[in-house]
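Q: Here's a structure for you.
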Amino acid sequence: MPTPSLSIVIPAYNEEARILLTLAQVTHYLESQPYAWEIVVANDGSADDTPRLVEEFARSHPQVSLLNLPHRGKGGAVRSGMLHARGERRFLCDADLSMPIDQLDRFLTPEMAGYDIVLGSREAPGARRINEPGRRHLLGRAFNLMVRFFAVRGIRDTQCGFKCFRAEAAEALFPLQRTEGFGFDVEVLFLAQRLGMRLVEMPIDWYYRSHSKVRPLRDALAMTRDILRVRWRAMRGQYGRLSPSRYAPGASNKDKEEP
């Protein structure tokens, strides 16, 4: 099959209540677009009917595929989905569609073509957070201050579940990723900055979903641990040589290998 222009990667864990509606909305949007596309649902070892429902949907939508994985966490599902995808752009999309899918247009404008990663942001000027509890927002801002101090400089929102990667960036970053849980975003963006990739935040409308699987306090503590592990791995050289010269868009895989 020809290489699609866009891959949508949807990590899913026990999403039987909403996965069909999400797939219907995303495919309806994509079917009106002029480019070739695919959807990869990265099933993180769901214990419910998520994989069966996706398989049934895919029978009538050949651009949709299911990637069945053991349960490791969202980070593991995203890594596998991004490396399985074939698109020239690879868009990470949360299964709850807390960002309306038609805002994907903002990530694919000619102005965004010069960036390696376009980050959906709930904090960039022009963004809107809708119906989010104040306590949850404050916890998120406190976590972001720590992220900016220890790992990812200058990014207001590392944790938004909507991000668009150039294929070359995805194929350079995700083989290096080690974090399996919710802290994977920080690791990937830390690596991207160390490799000299071009990042930009894109303001979006984001709707709080009360059935989110994120547990703010517990997951924030786990992600704090993940941040410290990222810095420790980098200090010990476990990612290899992290410098802009290692990432060269358009270079062959041989050119990117460590000496």
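By order of appearance in the structure tokens: chains A, B, ..., then residues from 1 within every chain, and ligands from 1 in the order shown.
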From a backbone DSSP assignment, name each residue in segment 72-236 of chain A labelled alpha helix (DSSP H), as a PyMOL selection string.
A: chain A and resi 74-84+134-150+167-173+184-194+216-235
Q: Show me, as a PyMOL selection string, the residues that have an atom within 9 Å of Asp116 of chain A when counting only C-alpha atoms, minus same-chain residues fewer than 3 positions from it.
A: chain A and resi 112-113+164-170+192+197-200+249
Q: Using only N, CA and C atoms, please write the residues we just selected to a file, as a PDB file, in the first residue's frame.
A:
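And here's part08.pdb as it stands now:
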ATOM      1  N   MET A 112       3.232  24.921   9.725  1.00  0.00           N
ATOM      2  CA  MET A 112       3.694  23.900  10.663  1.00  0.00           C
ATOM      3  C   MET A 112       4.640  22.891  10.022  1.00  0.00           C
ATOM      4  N   ALA A 113       4.769  22.931   8.697  1.00  0.00           N
ATOM      5  CA  ALA A 113       5.575  21.926   7.999  1.00  0.00           C
ATOM      6  C   ALA A 113       7.053  22.004   8.363  1.00  0.00           C
ATOM      7  N   CYS A 164       1.789  15.999  16.942  1.00  0.00           N
ATOM      8  CA  CYS A 164       2.042  15.578  15.568  1.00  0.00           C
ATOM      9  C   CYS A 164       3.547  15.527  15.315  1.00  0.00           C
ATOM     10  N   PHE A 165       4.033  14.361  14.872  1.00  0.00           N
ATOM     11  CA  PHE A 165       5.461  14.124  14.644  1.00  0.00           C
ATOM     12  C   PHE A 165       5.732  13.920  13.154  1.00  0.00           C
ATOM     13  N   ARG A 166       6.787  14.533  12.665  1.00  0.00           N
ATOM     14  CA  ARG A 166       7.301  14.116  11.361  1.00  0.00           C
ATOM     15  C   ARG A 166       7.786  12.675  11.471  1.00  0.00           C
ATOM     16  N   ALA A 167       7.678  11.922  10.374  1.00  0.00           N
ATOM     17  CA  ALA A 167       8.084  10.516  10.406  1.00  0.00           C
ATOM     18  C   ALA A 167       9.531  10.369  10.868  1.00  0.00           C
ATOM     19  N   GLU A 168      10.429  11.229  10.365  1.00  0.00           N
ATOM     20  CA  GLU A 168      11.842  11.114  10.740  1.00  0.00           C
ATOM     21  C   GLU A 168      12.037  11.354  12.230  1.00  0.00           C
ATOM     22  N   ALA A 169      11.265  12.289  12.790  1.00  0.00           N
ATOM     23  CA  ALA A 169      11.378  12.560  14.220  1.00  0.00           C
ATOM     24  C   ALA A 169      10.877  11.370  15.034  1.00  0.00           C
ATOM     25  N   ALA A 170       9.728  10.820  14.640  1.00  0.00           N
ATOM     26  CA  ALA A 170       9.178   9.669  15.366  1.00  0.00           C
ATOM     27  C   ALA A 170      10.147   8.494  15.337  1.00  0.00           C
ATOM     28  N   ALA A 192      13.889  15.049  22.319  1.00  0.00           N
ATOM     29  CA  ALA A 192      13.746  15.889  21.127  1.00  0.00           C
ATOM     30  C   ALA A 192      14.564  17.172  21.255  1.00  0.00           C
ATOM     31  N   MET A 197      15.699  19.030  17.761  1.00  0.00           N
ATOM     32  CA  MET A 197      14.484  19.065  16.941  1.00  0.00           C
ATOM     33  C   MET A 197      13.746  20.378  17.150  1.00  0.00           C
ATOM     34  N   ARG A 198      12.947  20.712  16.143  1.00  0.00           N
ATOM     35  CA  ARG A 198      12.180  21.959  16.165  1.00  0.00           C
ATOM     36  C   ARG A 198      10.783  21.672  16.709  1.00  0.00           C
ATOM     37  N   LEU A 199      10.435  22.318  17.846  1.00  0.00           N
ATOM     38  CA  LEU A 199       9.159  22.103  18.512  1.00  0.00           C
ATOM     39  C   LEU A 199       8.364  23.395  18.530  1.00  0.00           C
ATOM     40  N   VAL A 200       7.044  23.263  18.435  1.00  0.00           N
ATOM     41  CA  VAL A 200       6.175  24.422  18.556  1.00  0.00           C
ATOM     42  C   VAL A 200       4.884  23.989  19.238  1.00  0.00           C
ATOM     43  N   PRO A 249      17.203  15.172   9.549  1.00  0.00           N
ATOM     44  CA  PRO A 249      16.104  14.789   8.681  1.00  0.00           C
ATOM     45  C   PRO A 249      16.568  14.545   7.249  1.00  0.00           C
TER      46      PRO A 249
END
Q: Kindly give the distance, in Å, that separates atom CA of Arg246 of chain A and atom CA of Trp37 of chain A, rounded to a single decimal.
A: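 Value for the atom CA of Arg246 of chain A-atom CA of Trp37 of chain A distance: 29.1 Å.
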Q: Choose the residue, out of A:Cys93, A:Ile117, A:Val78, A:Met223, that has the smallest atom-to-atom separation from Pro175 of chain A; count only C-alpha atoms.
A: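 Using only C-alpha atoms, Pro175 of chain A sits closest to A:Val78.
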Q: One decimal, in Å: what's the spacing between atom CA of Gly237 of chain A and atom CA of Val188 of chain A?
A: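 Spanning atom CA of Gly237 of chain A to atom CA of Val188 of chain A is a straight-line distance of 15.7 Å.
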Q: Counting only C-alpha atoms, figure out which residue out of A:Arg231, A:Val147, A:Pro70, A:Asp94 gets nearest to Glu180 of chain A.
A: A:Pro70
Q: Quick one: residues within 8 Å of Leu67 of chain A, only C-alpha atoms, excluding same-chain residues fewer than 4 positions away - as a PyMOL selection string?
A: chain A and resi 40-43+81
Q: Pick the closest to Asp96 of chain A from A:Arg18, A:Arg218, A:Arg241, A:Arg229: which is it, counting only C-alpha atoms?
A: A:Arg18
Q: If you run DSSP on this backbone, which residues of segment 1-247 of chain A come out as strand (DSSP E), and could you give them as an MDAnalysis selection string?
A: chainID A and resid 6:12 37:44 64:69 89:93 117:121 128:130 162:166 199:203 205:207
Q: Do you have the atom CA of Pro34 of chain A-atom CA of Gly126 of chain A distance handy?
A: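 Taking atom CA of Pro34 of chain A and atom CA of Gly126 of chain A, their separation equals 27.5 Å.
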Q: When you count only C-alpha atoms, which of these residues is closest to Arg128 of chain A: A:Val186, A:Leu53, A:Met99, A:Ile10?
A: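 Nearest candidate to Arg128 of chain A out of A:Val186, A:Leu53, A:Met99, A:Ile10: A:Met99.
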Q: Within 8 Å of segment 130-137 of chain A, which residues of segment 191-216 of chain A come that close, and what is the closest atom pair and distance in Å for each? Count only C-alpha atoms and give it as a Markdown table.
A:
| residue | atom | partner | partner_atom | distance |
| --- | --- | --- | --- | --- |
| A:Asp205 | CA | A:Ile130 | CA | 7.4 |
| A:Trp206 | CA | A:Ile130 | CA | 6.1 |
| A:Tyr207 | CA | A:Ile130 | CA | 4.8 |
| A:Tyr208 | CA | A:Glu132 | CA | 5.0 |
| A:Pro216 | CA | A:Arg136 | CA | 6.7 |
Q: Keeping C-alpha atoms, export the residues of the selection given above as a PDB file, in the first residue's frame.
A:
ATOM      1  CA  ASP A 205      -9.710  23.816  22.669  1.00  0.00           C
ATOM      2  CA  TRP A 206      -9.566  21.076  25.310  1.00  0.00           C
ATOM      3  CA  TYR A 207     -12.620  19.652  27.063  1.00  0.00           C
ATOM      4  CA  TYR A 208     -12.209  18.041  30.460  1.00  0.00           C
ATOM      5  CA  PRO A 216      -3.939  13.519  39.143  1.00  0.00           C
TER       6      PRO A 216
END
Q: I'd like the neighbourhood of Asp105 of chain A as number ranges by chain, where a residue qualifies if any of its atoms comes within 12 Å (using only C-alpha atoms), though same-chain residues fewer than 5 positions away should be ignored.
A: A: 6, 29-30, 32-34, 91, 99-100, 110-112, 118, 120, 164, 202, 204
Q: Would you save the residues of that selection, restricted to C-alpha atoms, as a PDB file, in the first residue's frame?
A:
ATOM      1  CA  LEU A   6      -1.011  11.016   7.877  1.00  0.00           C
ATOM      2  CA  TYR A  29     -13.403  13.758   9.465  1.00  0.00           C
ATOM      3  CA  LEU A  30     -10.589  12.036   7.550  1.00  0.00           C
ATOM      4  CA  SER A  32     -13.423  14.459   3.772  1.00  0.00           C
ATOM      5  CA  GLN A  33      -9.689  15.221   3.546  1.00  0.00           C
ATOM      6  CA  PRO A  34      -7.686  15.220   0.279  1.00  0.00           C
ATOM      7  CA  PHE A  91      -0.536  12.248  15.047  1.00  0.00           C
ATOM      8  CA  MET A  99      -9.742  17.984  21.522  1.00  0.00           C
ATOM      9  CA  PRO A 100     -12.345  18.144  18.723  1.00  0.00           C
ATOM     10  CA  PRO A 110       2.003  24.917   5.636  1.00  0.00           C
ATOM     11  CA  GLU A 111       3.359  27.036   8.517  1.00  0.00           C
ATOM     12  CA  MET A 112       3.694  23.900  10.663  1.00  0.00           C
ATOM     13  CA  VAL A 118       3.735  20.227  16.788  1.00  0.00           C
ATOM     14  CA  GLY A 120      -1.217  20.479  21.167  1.00  0.00           C
ATOM     15  CA  CYS A 164       2.042  15.578  15.568  1.00  0.00           C
ATOM     16  CA  MET A 202      -0.320  24.800  19.014  1.00  0.00           C
ATOM     17  CA  ILE A 204      -6.265  24.004  21.111  1.00  0.00           C
TER      18      ILE A 204
END
Q: Would you please work out which residue, of A:Ala12, A:Met146, A:Leu97, A:Leu108, is nearest to His71 of chain A when using only C-alpha atoms?
A: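 For His71 of chain A, the nearest of the given residues is A:Ala12.
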Q: Contacts of Gly45 of chain A at 9 Å or less, counting only C-alpha atoms, minus same-chain residues fewer than 6 places along, as a ChimeraX atom specification?
A: /A:12-14,51,68-73
Q: Smallest atom-to-atom distance to Val64 of chain A: which of A:Ala95, A:Leu21, A:Ile8, A:Leu173, using only C-alpha atoms?
A: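 Nearest to Val64 of chain A: A:Ile8.
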Q: May I have the residues within 10 Å of segment 59-61 of chain A as a list of chain:residue names, using only C-alpha atoms and disregarding those fewer than 3 positions away in the same chain?
A: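 After dropping sequence-adjacent residues, the list is A:Leu23, A:Ala24, A:Thr27, A:Glu38, A:Ile39, A:Val54, A:Glu55, A:Glu56, A:Val64, A:Ser65.
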Q: May I have the selected residues written with C-alpha atoms, as an mmCIF file, in the first residue's frame?
A:
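Result written to selection25.cif:
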data_model
loop_
_atom_site.group_PDB
_atom_site.id
_atom_site.type_symbol
_atom_site.label_atom_id
_atom_site.label_comp_id
_atom_site.auth_asym_id
_atom_site.auth_seq_id
_atom_site.Cartn_x
_atom_site.Cartn_y
_atom_site.Cartn_z
ATOM 1 C CA LEU A 23 -13.339 5.931 15.481
ATOM 2 C CA ALA A 24 -16.566 7.038 13.799
ATOM 3 C CA THR A 27 -12.909 8.479 10.141
ATOM 4 C CA GLU A 38 -4.521 5.496 8.263
ATOM 5 C CA ILE A 39 -5.594 4.942 11.869
ATOM 6 C CA VAL A 54 -11.959 -2.188 16.815
ATOM 7 C CA GLU A 55 -11.620 -5.332 14.695
ATOM 8 C CA GLU A 56 -15.304 -5.181 13.765
ATOM 9 C CA VAL A 64 -8.107 1.272 10.359
ATOM 10 C CA SER A 65 -5.852 -1.334 11.969
#
